[in-house]
Every structure is written in C-alpha cells, then in structure tokens.
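Student: Input: one structure, supplied below.
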Amino acid sequence: MPRFQFGQEGLCHAKTELLRAYQNASVRYSKAVCELSHNVGLIPEVEFEYLRSLAGRARKVCRAAQKALRAHIVEHHCESRL
Ligand SMILES: [Zn+2]
C-alpha cells in the first residue's frame, strides 16, 4: 500500500514529493540522533565525532527539506491540498 496517492484530483504532486522528502529526512535525522545518544561514552571519541557529523548533516538536510516544503506552500498556496 503506497503511503501517498497520486493522480487524485486536487492533489499537489510537488508538495507530495517535498513532503515525502521532508519525512524521509526527518526519519534519517531522528535515527542519527538516536544512534548518537545510544553511543555516548560507549565508543571511541573519533567514532562519536563521526556519528555527530552525520547527525549534523542529517539535520541540515532535514531543515532544507522543511524550508523547501514551506516555500512551496507559500508560493503555490496549496496548504489544504495534500
Ligand atoms: Zn503545491
């Protein structure tokens, strides 16, 4: 079962894509933060720094995706159209 339905009337495809990208980025970011928090004090400093850099990058991707989604909604006025 697909998470999103395509081709439905009133559906904004661009917004759907941006929303999906944002959701994926959010999941990746929360996983990275989770992994980081579970490894505090358990792994060598250099590995922890690596995980921290991954989480930082994931956060940037997530913010960029959120920004793109908001910018699209503002520009396209499609907030009520999923
Ligand atoms: Zn739109």
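Following the order of the structure tokens, first chain is A, next is B, and so on, with residues numbered from 1 inside each chain and ligands from 1 in the order they appear.
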Would you mind listing what lies within 7 Å of segment 17-25 of chain A as a compact mmCIF listing (two decimals) with C-alpha atoms, in the first residue's frame, with only C-alpha atoms counted and same-chain residues fewer than 4 positions away left out?

Tutor:
```txt
# COMPACT_ATOMS: atom_id res chain seq x y z
CA HIS A 13 2.32 16.47 -6.71
CA TYR A 29 17.82 12.71 11.32
CA ALA A 58 21.14 14.92 8.54
CA VAL A 61 19.18 18.08 5.04
CA CYS A 62 16.05 17.95 7.19
CA ALA A 65 13.67 19.90 3.10
CA GLN A 66 11.35 21.63 5.57
CA LEU A 69 8.24 22.45 1.59
```

Student: Could I get the residue neighbourhood of ligand 1 at 7 Å, counting only C-alpha atoms and all ligand atoms, as a PyMOL selection string?

Tutor: chain A and resi 12-15+72-73+76-78

Student: Would you mind exporting the chosen residues as a tab-separated table (two decimals), in the first residue's frame, restricted to C-alpha atoms?

Tutor:
```tsv
chain	number	residue	atom	x	y	z
A	12	CYS	CA	-0.37	18.83	-5.46
A	13	HIS	CA	2.32	16.47	-6.71
A	14	ALA	CA	5.15	18.84	-5.99
A	15	LYS	CA	4.01	19.25	-2.40
A	72	HIS	CA	6.48	25.75	-2.00
A	73	ILE	CA	3.27	26.01	0.06
A	76	HIS	CA	1.74	27.70	-4.55
A	77	HIS	CA	-0.99	28.25	-1.91
A	78	CYS	CA	-1.58	24.54	-1.70
```

Student: May I have the residues within 9 Å of Arg59 of chain A as a PyMOL selection string, using only C-alpha atoms and disregarding those fewer than 2 positions away in the same chain?

Tutor: chain A and resi 25-26+28-30+32+54-57+61-64

Student: So the first atom is atom CA of Lys67 of chain A and the second is atom CA of Arg52 of chain A; what is the distance between them in Å, to one decimal place?

Tutor: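 Result for atom CA of Lys67 of chain A versus atom CA of Arg52 of chain A: 22.4 Å, one decimal.
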